[in-house]
Each structure stands twice: as structure tokens, then as C-alpha cells.
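Undergrad: Please find data.txt (compact mmCIF, N, CA, C and O atoms) on the next line:
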```txt
# COMPACT_ATOMS: atom_id res chain seq x y z
N MET A 1 -80.91 -23.39 -99.81
CA MET A 1 -81.19 -23.38 -98.39
C MET A 1 -81.37 -21.95 -97.92
O MET A 1 -80.61 -21.08 -98.33
N ARG A 2 -82.32 -21.76 -97.06
CA ARG A 2 -82.59 -20.41 -96.56
C ARG A 2 -81.80 -20.14 -95.28
O ARG A 2 -81.85 -20.93 -94.35
N PHE A 3 -81.11 -19.02 -95.27
CA PHE A 3 -80.35 -18.59 -94.10
C PHE A 3 -80.99 -17.36 -93.47
O PHE A 3 -80.36 -16.68 -92.67
N TRP A 4 -82.22 -17.08 -93.82
CA TRP A 4 -82.92 -15.92 -93.29
C TRP A 4 -84.36 -16.30 -92.90
O TRP A 4 -84.91 -17.28 -93.36
N LEU A 5 -84.92 -15.46 -92.03
CA LEU A 5 -86.32 -15.55 -91.62
C LEU A 5 -86.92 -14.16 -91.71
O LEU A 5 -86.26 -13.18 -91.34
N GLU A 6 -88.14 -14.07 -92.19
CA GLU A 6 -88.82 -12.78 -92.20
C GLU A 6 -89.67 -12.66 -90.94
O GLU A 6 -90.37 -13.61 -90.58
N THR A 7 -89.56 -11.53 -90.25
CA THR A 7 -90.37 -11.26 -89.06
C THR A 7 -91.01 -9.89 -89.22
O THR A 7 -90.63 -9.12 -90.13
N ALA A 8 -91.93 -9.57 -88.34
CA ALA A 8 -92.58 -8.26 -88.39
C ALA A 8 -91.58 -7.13 -88.15
O ALA A 8 -91.76 -6.02 -88.65
N ALA A 9 -90.53 -7.40 -87.39
CA ALA A 9 -89.54 -6.37 -87.06
C ALA A 9 -88.40 -6.28 -88.07
O ALA A 9 -87.54 -5.42 -87.95
N GLY A 10 -88.38 -7.16 -89.05
CA GLY A 10 -87.32 -7.12 -90.05
C GLY A 10 -86.84 -8.50 -90.43
O GLY A 10 -87.43 -9.51 -90.05
N LEU A 11 -85.78 -8.54 -91.15
CA LEU A 11 -85.21 -9.78 -91.67
C LEU A 11 -84.16 -10.29 -90.69
O LEU A 11 -83.29 -9.54 -90.24
N ILE A 12 -84.23 -11.57 -90.33
CA ILE A 12 -83.22 -12.21 -89.49
C ILE A 12 -82.29 -13.00 -90.40
O ILE A 12 -82.75 -13.82 -91.20
N VAL A 13 -80.99 -12.76 -90.28
CA VAL A 13 -79.99 -13.47 -91.08
C VAL A 13 -79.12 -14.29 -90.13
O VAL A 13 -78.58 -13.76 -89.15
N ALA A 14 -79.00 -15.59 -90.42
CA ALA A 14 -78.16 -16.48 -89.62
C ALA A 14 -76.79 -16.57 -90.27
O ALA A 14 -76.68 -16.78 -91.48
N VAL A 15 -75.75 -16.41 -89.47
CA VAL A 15 -74.38 -16.33 -89.96
C VAL A 15 -73.51 -17.37 -89.26
O VAL A 15 -73.68 -17.62 -88.06
N LYS A 16 -72.59 -17.95 -90.00
CA LYS A 16 -71.52 -18.77 -89.43
C LYS A 16 -70.27 -17.93 -89.53
O LYS A 16 -69.77 -17.64 -90.63
N ALA A 17 -69.77 -17.47 -88.39
CA ALA A 17 -68.63 -16.55 -88.35
C ALA A 17 -67.30 -17.28 -88.48
O ALA A 17 -67.11 -18.35 -87.90
N HIS A 18 -66.39 -16.67 -89.22
CA HIS A 18 -65.03 -17.16 -89.36
C HIS A 18 -64.08 -15.98 -89.15
O HIS A 18 -63.63 -15.35 -90.11
N PRO A 19 -63.79 -15.66 -87.87
CA PRO A 19 -62.88 -14.56 -87.58
C PRO A 19 -61.43 -14.94 -87.84
O PRO A 19 -61.09 -16.12 -87.95
N GLY A 20 -60.58 -13.93 -87.94
CA GLY A 20 -59.15 -14.17 -88.13
C GLY A 20 -58.78 -14.66 -89.52
O GLY A 20 -57.70 -15.21 -89.71
N ALA A 21 -59.64 -14.43 -90.49
CA ALA A 21 -59.37 -14.86 -91.87
C ALA A 21 -58.38 -13.89 -92.53
O ALA A 21 -58.16 -12.78 -92.06
N LYS A 22 -57.83 -14.32 -93.65
CA LYS A 22 -56.89 -13.47 -94.38
C LYS A 22 -57.60 -12.34 -95.11
O LYS A 22 -57.02 -11.29 -95.34
N ARG A 23 -58.87 -12.59 -95.49
CA ARG A 23 -59.62 -11.56 -96.19
C ARG A 23 -61.10 -11.67 -95.83
O ARG A 23 -61.56 -12.69 -95.36
N VAL A 24 -61.81 -10.61 -96.10
CA VAL A 24 -63.25 -10.58 -95.84
C VAL A 24 -63.98 -11.23 -97.02
O VAL A 24 -63.69 -10.94 -98.17
N SER A 25 -64.90 -12.14 -96.70
CA SER A 25 -65.71 -12.74 -97.75
C SER A 25 -67.08 -13.08 -97.18
O SER A 25 -67.23 -13.37 -95.99
N VAL A 26 -68.08 -13.04 -98.06
CA VAL A 26 -69.46 -13.38 -97.70
C VAL A 26 -69.89 -14.54 -98.58
O VAL A 26 -69.84 -14.44 -99.80
N GLY A 27 -70.32 -15.64 -97.96
CA GLY A 27 -70.75 -16.82 -98.68
C GLY A 27 -69.67 -17.87 -98.62
O GLY A 27 -68.53 -17.57 -98.26
N PRO A 28 -70.01 -19.06 -98.86
CA PRO A 28 -71.27 -19.62 -99.36
C PRO A 28 -72.27 -19.84 -98.22
O PRO A 28 -71.98 -19.56 -97.06
N VAL A 29 -73.42 -20.40 -98.59
CA VAL A 29 -74.42 -20.80 -97.62
C VAL A 29 -74.13 -22.25 -97.25
O VAL A 29 -73.88 -23.08 -98.12
N ILE A 30 -74.15 -22.53 -95.94
CA ILE A 30 -73.85 -23.88 -95.48
C ILE A 30 -75.00 -24.41 -94.63
O ILE A 30 -75.70 -23.65 -93.96
N ALA A 31 -75.19 -25.72 -94.67
CA ALA A 31 -76.25 -26.35 -93.88
C ALA A 31 -75.89 -26.27 -92.40
O ALA A 31 -74.72 -26.19 -92.03
N ALA A 32 -76.91 -26.30 -91.56
CA ALA A 32 -76.70 -26.23 -90.12
C ALA A 32 -77.66 -27.17 -89.41
O ALA A 32 -78.71 -27.52 -89.95
N ALA A 33 -77.28 -27.57 -88.23
CA ALA A 33 -78.16 -28.41 -87.41
C ALA A 33 -79.41 -27.62 -87.06
O ALA A 33 -79.34 -26.40 -86.83
N PRO A 34 -80.56 -28.27 -87.03
CA PRO A 34 -81.80 -27.55 -86.71
C PRO A 34 -81.79 -26.99 -85.29
O PRO A 34 -81.46 -27.69 -84.35
N ILE A 35 -82.15 -25.73 -85.17
CA ILE A 35 -82.30 -25.06 -83.88
C ILE A 35 -83.62 -24.31 -83.95
O ILE A 35 -83.85 -23.53 -84.89
N PRO A 36 -84.53 -24.51 -82.98
CA PRO A 36 -85.81 -23.80 -83.01
C PRO A 36 -85.61 -22.28 -83.06
O PRO A 36 -84.79 -21.73 -82.33
N GLY A 37 -86.34 -21.63 -83.96
CA GLY A 37 -86.25 -20.18 -84.10
C GLY A 37 -85.11 -19.70 -84.99
O GLY A 37 -84.90 -18.50 -85.11
N TRP A 38 -84.37 -20.63 -85.58
CA TRP A 38 -83.26 -20.27 -86.47
C TRP A 38 -83.55 -20.79 -87.86
O TRP A 38 -84.21 -21.82 -88.02
N PRO A 39 -83.03 -20.13 -88.90
CA PRO A 39 -83.14 -20.67 -90.27
C PRO A 39 -82.39 -22.00 -90.37
O PRO A 39 -81.55 -22.32 -89.53
N GLN A 40 -82.65 -22.74 -91.44
CA GLN A 40 -82.05 -24.06 -91.61
C GLN A 40 -80.61 -24.03 -92.12
O GLN A 40 -79.95 -25.06 -92.18
N ALA A 41 -80.10 -22.87 -92.49
CA ALA A 41 -78.74 -22.75 -93.01
C ALA A 41 -78.07 -21.51 -92.43
O ALA A 41 -78.71 -20.70 -91.75
N ARG A 42 -76.79 -21.35 -92.72
CA ARG A 42 -76.02 -20.19 -92.27
C ARG A 42 -75.28 -19.59 -93.46
O ARG A 42 -74.79 -20.31 -94.33
N LEU A 43 -75.16 -18.27 -93.45
CA LEU A 43 -74.35 -17.56 -94.43
C LEU A 43 -72.95 -17.43 -93.84
O LEU A 43 -72.80 -16.82 -92.78
N ARG A 44 -71.98 -18.01 -94.48
CA ARG A 44 -70.61 -17.94 -93.96
C ARG A 44 -70.04 -16.55 -94.23
O ARG A 44 -70.05 -16.08 -95.38
N ILE A 45 -69.53 -15.91 -93.18
CA ILE A 45 -68.88 -14.61 -93.32
C ILE A 45 -67.51 -14.70 -92.65
O ILE A 45 -67.41 -15.00 -91.47
N SER A 46 -66.48 -14.46 -93.44
CA SER A 46 -65.11 -14.45 -92.95
C SER A 46 -64.64 -13.01 -92.81
O SER A 46 -64.88 -12.20 -93.70
N VAL A 47 -63.99 -12.73 -91.68
CA VAL A 47 -63.46 -11.39 -91.43
C VAL A 47 -62.04 -11.51 -90.87
O VAL A 47 -61.70 -12.52 -90.26
N ALA A 48 -61.25 -10.49 -91.07
CA ALA A 48 -59.88 -10.50 -90.59
C ALA A 48 -59.79 -10.21 -89.09
O ALA A 48 -58.82 -10.60 -88.44
N ALA A 49 -60.77 -9.55 -88.54
CA ALA A 49 -60.75 -9.16 -87.13
C ALA A 49 -60.71 -10.40 -86.22
O ALA A 49 -61.33 -11.42 -86.52
N PRO A 50 -59.98 -10.29 -85.11
CA PRO A 50 -59.92 -11.42 -84.18
C PRO A 50 -61.19 -11.49 -83.33
O PRO A 50 -61.88 -10.48 -83.16
N PRO A 51 -61.48 -12.65 -82.77
CA PRO A 51 -62.69 -12.80 -81.94
C PRO A 51 -62.45 -12.30 -80.50
O PRO A 51 -62.59 -13.04 -79.54
N GLU A 52 -62.08 -11.04 -80.38
CA GLU A 52 -61.80 -10.45 -79.07
C GLU A 52 -62.52 -9.12 -78.93
O GLU A 52 -62.55 -8.33 -79.88
N ASP A 53 -63.08 -8.88 -77.77
CA ASP A 53 -63.70 -7.60 -77.44
C ASP A 53 -64.76 -7.16 -78.45
O ASP A 53 -64.94 -5.96 -78.69
N GLY A 54 -65.42 -8.10 -79.08
CA GLY A 54 -66.49 -7.77 -80.03
C GLY A 54 -66.01 -7.27 -81.38
O GLY A 54 -66.82 -6.88 -82.22
N ARG A 55 -64.71 -7.30 -81.62
CA ARG A 55 -64.19 -6.79 -82.90
C ARG A 55 -64.66 -7.61 -84.09
O ARG A 55 -64.99 -7.05 -85.14
N ALA A 56 -64.71 -8.93 -83.95
CA ALA A 56 -65.18 -9.77 -85.06
C ALA A 56 -66.66 -9.51 -85.33
O ALA A 56 -67.07 -9.43 -86.48
N ASN A 57 -67.46 -9.33 -84.28
CA ASN A 57 -68.88 -9.05 -84.47
C ASN A 57 -69.09 -7.74 -85.22
O ASN A 57 -69.92 -7.66 -86.12
N GLU A 58 -68.32 -6.72 -84.86
CA GLU A 58 -68.41 -5.44 -85.56
C GLU A 58 -68.00 -5.59 -87.03
O GLU A 58 -68.63 -5.01 -87.92
N ALA A 59 -66.96 -6.36 -87.27
CA ALA A 59 -66.49 -6.57 -88.64
C ALA A 59 -67.53 -7.36 -89.45
O ALA A 59 -67.72 -7.10 -90.65
N ILE A 60 -68.21 -8.30 -88.82
CA ILE A 60 -69.25 -9.07 -89.51
C ILE A 60 -70.41 -8.16 -89.86
O ILE A 60 -70.95 -8.23 -90.97
N ILE A 61 -70.80 -7.28 -88.95
CA ILE A 61 -71.87 -6.32 -89.25
C ILE A 61 -71.48 -5.45 -90.43
O ILE A 61 -72.28 -5.22 -91.34
N GLN A 62 -70.24 -4.98 -90.46
CA GLN A 62 -69.78 -4.14 -91.57
C GLN A 62 -69.78 -4.94 -92.88
O GLN A 62 -70.21 -4.44 -93.92
N ALA A 63 -69.31 -6.18 -92.85
CA ALA A 63 -69.28 -7.01 -94.06
C ALA A 63 -70.69 -7.28 -94.56
O ALA A 63 -70.96 -7.21 -95.77
N LEU A 64 -71.61 -7.57 -93.64
CA LEU A 64 -73.00 -7.81 -94.02
C LEU A 64 -73.63 -6.55 -94.59
O LEU A 64 -74.33 -6.60 -95.61
N ALA A 65 -73.35 -5.40 -93.99
CA ALA A 65 -73.88 -4.13 -94.49
C ALA A 65 -73.34 -3.83 -95.89
O ALA A 65 -74.10 -3.41 -96.77
N ASP A 66 -72.06 -4.04 -96.10
CA ASP A 66 -71.47 -3.81 -97.42
C ASP A 66 -72.09 -4.74 -98.46
O ASP A 66 -72.41 -4.32 -99.57
N TRP A 67 -72.29 -5.99 -98.10
CA TRP A 67 -72.86 -6.98 -99.01
C TRP A 67 -74.30 -6.64 -99.38
O TRP A 67 -74.70 -6.79 -100.52
N LEU A 68 -75.06 -6.15 -98.39
CA LEU A 68 -76.47 -5.80 -98.63
C LEU A 68 -76.66 -4.37 -99.14
O LEU A 68 -77.77 -3.97 -99.45
N HIS A 69 -75.59 -3.59 -99.16
CA HIS A 69 -75.63 -2.19 -99.59
C HIS A 69 -76.56 -1.36 -98.69
O HIS A 69 -77.40 -0.60 -99.17
N ILE A 70 -76.37 -1.55 -97.38
CA ILE A 70 -77.13 -0.78 -96.39
C ILE A 70 -76.16 -0.22 -95.36
O ILE A 70 -74.98 -0.58 -95.35
N LYS A 71 -76.66 0.64 -94.47
CA LYS A 71 -75.83 1.19 -93.42
C LYS A 71 -75.70 0.18 -92.28
O LYS A 71 -76.67 -0.49 -91.93
N PRO A 72 -74.53 0.10 -91.67
CA PRO A 72 -74.34 -0.83 -90.54
C PRO A 72 -75.31 -0.56 -89.39
O PRO A 72 -75.68 -1.49 -88.67
N ALA A 73 -75.75 0.67 -89.23
CA ALA A 73 -76.68 1.00 -88.14
C ALA A 73 -78.02 0.30 -88.29
O ALA A 73 -78.77 0.17 -87.31
N ALA A 74 -78.34 -0.20 -89.47
CA ALA A 74 -79.61 -0.92 -89.70
C ALA A 74 -79.53 -2.37 -89.23
O ALA A 74 -80.54 -3.06 -89.22
N ILE A 75 -78.35 -2.81 -88.81
CA ILE A 75 -78.14 -4.21 -88.41
C ILE A 75 -77.85 -4.28 -86.92
O ILE A 75 -77.00 -3.55 -86.41
N THR A 76 -78.57 -5.17 -86.23
CA THR A 76 -78.30 -5.42 -84.82
C THR A 76 -78.09 -6.91 -84.61
O THR A 76 -78.73 -7.73 -85.26
N GLN A 77 -77.20 -7.21 -83.69
CA GLN A 77 -76.94 -8.61 -83.38
C GLN A 77 -77.99 -9.11 -82.40
O GLN A 77 -78.23 -8.50 -81.37
N GLU A 78 -78.63 -10.23 -82.74
CA GLU A 78 -79.70 -10.80 -81.93
C GLU A 78 -79.22 -11.95 -81.05
O GLU A 78 -79.77 -12.17 -79.98
N ALA A 79 -78.25 -12.71 -81.52
CA ALA A 79 -77.78 -13.88 -80.77
C ALA A 79 -76.38 -14.25 -81.21
O ALA A 79 -75.95 -13.90 -82.31
N GLY A 80 -75.66 -14.96 -80.33
CA GLY A 80 -74.36 -15.49 -80.69
C GLY A 80 -73.19 -14.57 -80.47
O GLY A 80 -72.23 -14.60 -81.22
N THR A 81 -73.23 -13.76 -79.41
CA THR A 81 -72.16 -12.81 -79.17
C THR A 81 -70.79 -13.47 -79.12
O THR A 81 -69.83 -12.96 -79.68
N THR A 82 -70.70 -14.62 -78.47
CA THR A 82 -69.41 -15.30 -78.36
C THR A 82 -69.36 -16.62 -79.11
O THR A 82 -68.38 -17.35 -79.01
N ALA A 83 -70.40 -16.93 -79.87
CA ALA A 83 -70.46 -18.19 -80.62
C ALA A 83 -70.17 -17.94 -82.09
O ALA A 83 -70.22 -16.81 -82.57
N ARG A 84 -69.90 -19.01 -82.83
CA ARG A 84 -69.70 -18.87 -84.28
C ARG A 84 -71.02 -18.73 -85.01
O ARG A 84 -71.08 -18.11 -86.06
N ASP A 85 -72.09 -19.36 -84.50
CA ASP A 85 -73.42 -19.19 -85.07
C ASP A 85 -74.01 -17.92 -84.49
O ASP A 85 -74.10 -17.77 -83.27
N LYS A 86 -74.40 -17.00 -85.36
CA LYS A 86 -74.91 -15.70 -84.94
C LYS A 86 -76.17 -15.36 -85.70
O LYS A 86 -76.36 -15.82 -86.83
N LYS A 87 -77.03 -14.53 -85.09
CA LYS A 87 -78.22 -14.03 -85.78
C LYS A 87 -78.16 -12.51 -85.75
O LYS A 87 -77.85 -11.91 -84.73
N PHE A 88 -78.46 -11.92 -86.90
CA PHE A 88 -78.50 -10.47 -87.04
C PHE A 88 -79.87 -10.06 -87.58
O PHE A 88 -80.41 -10.73 -88.45
N ARG A 89 -80.40 -8.96 -87.06
CA ARG A 89 -81.67 -8.42 -87.53
C ARG A 89 -81.40 -7.19 -88.39
O ARG A 89 -80.64 -6.31 -88.02
N ILE A 90 -82.05 -7.16 -89.55
CA ILE A 90 -81.98 -6.00 -90.44
C ILE A 90 -83.32 -5.30 -90.29
O ILE A 90 -84.35 -5.81 -90.75
N ALA A 91 -83.31 -4.19 -89.62
CA ALA A 91 -84.53 -3.49 -89.24
C ALA A 91 -85.34 -3.05 -90.46
O ALA A 91 -84.80 -2.49 -91.41
N GLY A 92 -86.64 -3.35 -90.41
CA GLY A 92 -87.57 -2.88 -91.44
C GLY A 92 -87.36 -3.49 -92.81
O GLY A 92 -87.94 -3.03 -93.78
N ALA A 93 -86.55 -4.54 -92.92
CA ALA A 93 -86.27 -5.14 -94.23
C ALA A 93 -87.09 -6.40 -94.42
O ALA A 93 -87.53 -7.03 -93.47
N ALA A 94 -87.27 -6.76 -95.68
CA ALA A 94 -87.95 -8.00 -96.04
C ALA A 94 -87.07 -8.72 -97.06
O ALA A 94 -86.21 -8.11 -97.71
N ALA A 95 -87.29 -10.01 -97.22
CA ALA A 95 -86.48 -10.80 -98.15
C ALA A 95 -86.55 -10.24 -99.56
O ALA A 95 -85.58 -10.26 -100.30
N GLY A 96 -87.72 -9.71 -99.95
CA GLY A 96 -87.87 -9.14 -101.28
C GLY A 96 -86.95 -7.96 -101.53
O GLY A 96 -86.58 -7.69 -102.68
N ASP A 97 -86.54 -7.27 -100.47
CA ASP A 97 -85.63 -6.13 -100.62
C ASP A 97 -84.25 -6.56 -101.12
O ASP A 97 -83.52 -5.77 -101.70
N PHE A 98 -83.89 -7.81 -100.83
CA PHE A 98 -82.56 -8.30 -101.17
C PHE A 98 -82.66 -9.59 -102.00
O PHE A 98 -81.79 -10.46 -101.90
N ALA A 99 -83.68 -9.72 -102.80
CA ALA A 99 -83.97 -10.96 -103.53
C ALA A 99 -82.76 -11.48 -104.30
O ALA A 99 -82.47 -12.67 -104.27
N GLU A 100 -82.05 -10.61 -105.00
CA GLU A 100 -80.90 -11.05 -105.79
C GLU A 100 -79.81 -11.65 -104.91
O GLU A 100 -79.24 -12.68 -105.23
N LEU A 101 -79.51 -11.00 -103.79
CA LEU A 101 -78.43 -11.45 -102.93
C LEU A 101 -78.79 -12.71 -102.15
O LEU A 101 -77.92 -13.53 -101.87
N LEU A 102 -80.05 -12.87 -101.79
CA LEU A 102 -80.46 -13.99 -100.97
C LEU A 102 -80.54 -15.30 -101.75
O LEU A 102 -80.77 -16.35 -101.17
N ARG A 103 -80.29 -15.26 -103.03
CA ARG A 103 -80.33 -16.47 -103.88
C ARG A 103 -78.98 -17.15 -103.98
O ARG A 103 -78.75 -17.88 -104.92
N LEU A 104 -78.10 -16.96 -103.07
CA LEU A 104 -76.76 -17.57 -103.12
C LEU A 104 -76.83 -19.05 -103.36
O LEU A 104 -77.59 -19.76 -102.84
```
Reformat the file's structure so that it appears as C-alpha cells.

TA:
Amino acid sequence: MRFWLETAAGLIVAVKAHPGAKRVSVGPVIAAAPIPGWPQARLRISVAAPPEDGRANEAIIQALADWLHIKPAAITQEAGTTARDKKFRIAGAAAGDFAELLRL
């Protein structure tokens, strides 16, 4: 299942956030209800940060950056500031740049 979309502005990654976890983890990919403009699945990301004052969102960006081996500044949150379903844009990236990782 694909949890990403390629756009002219970069790669969009759909995430299912799990804040307040005991440890940081990326994956697995889980199915999601269809939403127009969103990929058909979500990449589950668990972080220890609580869902307060944007701390979990920042931790998810850091976890995603570490997983993709890029700088956190290359990632911006597009949707889902207070929701568990979130979209992040990786500027100037394409799926081919992360082919190995996107095959979860």
C-alpha cells in the first residue's frame, strides 16, 4: 500500500501519529479510509512526545527525517496539526529518492 504521493513540489507522506509512546518507531504501513487528495495508506510513527503544544508534531518530523536520512528542515507539515492523520511534504524529493524505504 502506498502512503505517499508525488507532486511537483515534493513528496507527500501520510502518517498515522501515535504520541506518548514508550519509544520512537517508524512503521508499519496501515490501511486508511479513502480521503480525496490523500494516499490510500498511512505510515505509523510512534513518538514519546505528548500531543501538546505541537511537541508530538515536531517529534514526528524528527523521526521521519531520521528515517529518511534528511534534515528536518526539508519537511513541512501540510495537514493534521491536531489530528492523528497527518500529511508531511518533503521538499524537492521524489519517491525514487527513497525507493528502499518506501517499500515497507

Undergrad: Which one of A:Leu64, A:Ala9, A:Val15, A:Ile35 sits closest to Gly80 (chain A) if you count all atoms listed in the file?

TA: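 Smallest distance to Gly80 (chain A) is found for A:Val15.
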
Undergrad: Let me make sure I understand: among A:Ala41, A:Ala93, A:Arg2, A:Ala49, which one has the smallest atom-to-atom distance to Lys22 (chain A) if we use only N, CA, C and O atoms?

TA: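 Result for the nearest residue to Lys22 (chain A): A:Ala49.
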
Undergrad: CA of Gly54 (chain A) and CA of His18 (chain A) are how many Å apart?

TA: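 So the answer is 13.3 Å.
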
Undergrad: To one decimal place, how far is CA of Pro36 (chain A) from CA of Gln62 (chain A) in Å?

TA: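 Between CA of Pro36 (chain A) and CA of Gln62 (chain A) the gap is 26.8 Å.
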
Undergrad: Could you tell me how far atom C of Phe88 (chain A) sits from atom O of Leu43 (chain A), in Å to one decimal place?

TA: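 Atom C of Phe88 (chain A) lies 11.1 Å from atom O of Leu43 (chain A).
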
Undergrad: Could you give me, as a list in words, each residue of chain A that DSSP assigns to helix (DSSP H, G or I) when run on this structure's backbone?

TA: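 Selection result, helix (DSSP H, G or I) within chain A: Arg55, Ala56, Asn57, Glu58, Ala59, Ile60, Ile61, Gln62, Ala63, Leu64, Ala65, Asp66, Trp67, Leu68, Pro72, Ala73, Ala74, Ala95, Gly96, Asp97, Phe98, Leu101, Leu102 and Arg103 of chain A.
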
Undergrad: Padding of 6 Å on every side, edges along x, y and z, all listed atoms of region 15-26 of chain A included: what centre and edge lengths in Å, to one decimal, does that box have, as lines of an AutoDock Vina configuration file?

TA:
```
center_x = -66.3
center_y = -14.7
center_z = -93.7
size_x = 30.9
size_y = 20.2
size_z = 24.2
```

Undergrad: Writing C-alpha atoms and nothing else, produce region 52-88 of chain A as an mmCIF file, in the first residue's frame.

TA:
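The result, stored in selection13.cif:
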```cif
data_model
loop_
_atom_site.group_PDB
_atom_site.id
_atom_site.type_symbol
_atom_site.label_atom_id
_atom_site.label_comp_id
_atom_site.auth_asym_id
_atom_site.auth_seq_id
_atom_site.Cartn_x
_atom_site.Cartn_y
_atom_site.Cartn_z
ATOM 1 C CA GLU A 52 0.568 19.154 23.438
ATOM 2 C CA ASP A 53 1.800 22.461 22.047
ATOM 3 C CA GLY A 54 2.976 20.845 18.810
ATOM 4 C CA ARG A 55 5.598 18.721 20.560
ATOM 5 C CA ALA A 56 4.376 15.459 19.011
ATOM 6 C CA ASN A 57 4.355 17.038 15.535
ATOM 7 C CA GLU A 58 7.952 18.199 15.980
ATOM 8 C CA ALA A 59 8.959 14.742 17.204
ATOM 9 C CA ILE A 60 7.252 13.118 14.202
ATOM 10 C CA ILE A 61 9.141 15.422 11.833
ATOM 11 C CA GLN A 62 12.405 14.462 13.557
ATOM 12 C CA ALA A 63 11.566 10.731 13.405
ATOM 13 C CA LEU A 64 10.631 11.000 9.725
ATOM 14 C CA ALA A 65 13.829 12.940 8.971
ATOM 15 C CA ASP A 66 15.964 10.358 10.790
ATOM 16 C CA TRP A 67 14.223 7.512 8.948
ATOM 17 C CA LEU A 68 14.705 9.180 5.550
ATOM 18 C CA HIS A 69 18.249 10.380 6.386
ATOM 19 C CA ILE A 70 17.430 14.006 5.606
ATOM 20 C CA LYS A 71 17.383 17.265 7.563
ATOM 21 C CA PRO A 72 14.176 18.072 9.464
ATOM 22 C CA ALA A 73 14.097 21.478 7.741
ATOM 23 C CA ALA A 74 13.246 19.681 4.468
ATOM 24 C CA ILE A 75 9.933 18.500 5.966
ATOM 25 C CA THR A 76 6.851 20.656 6.443
ATOM 26 C CA GLN A 77 3.517 19.673 7.877
ATOM 27 C CA GLU A 78 0.710 20.068 5.332
ATOM 28 C CA ALA A 79 -2.330 18.815 7.269
ATOM 29 C CA GLY A 80 -3.438 17.294 10.546
ATOM 30 C CA THR A 81 -2.000 19.652 13.140
ATOM 31 C CA THR A 82 -4.298 18.322 15.856
ATOM 32 C CA ALA A 83 -5.400 15.042 14.228
ATOM 33 C CA ARG A 84 -3.767 11.613 14.232
ATOM 34 C CA ASP A 85 -3.822 11.501 10.414
ATOM 35 C CA LYS A 86 -1.176 13.924 9.176
ATOM 36 C CA LYS A 87 0.441 14.859 5.866
ATOM 37 C CA PHE A 88 4.036 15.993 5.536
#
```
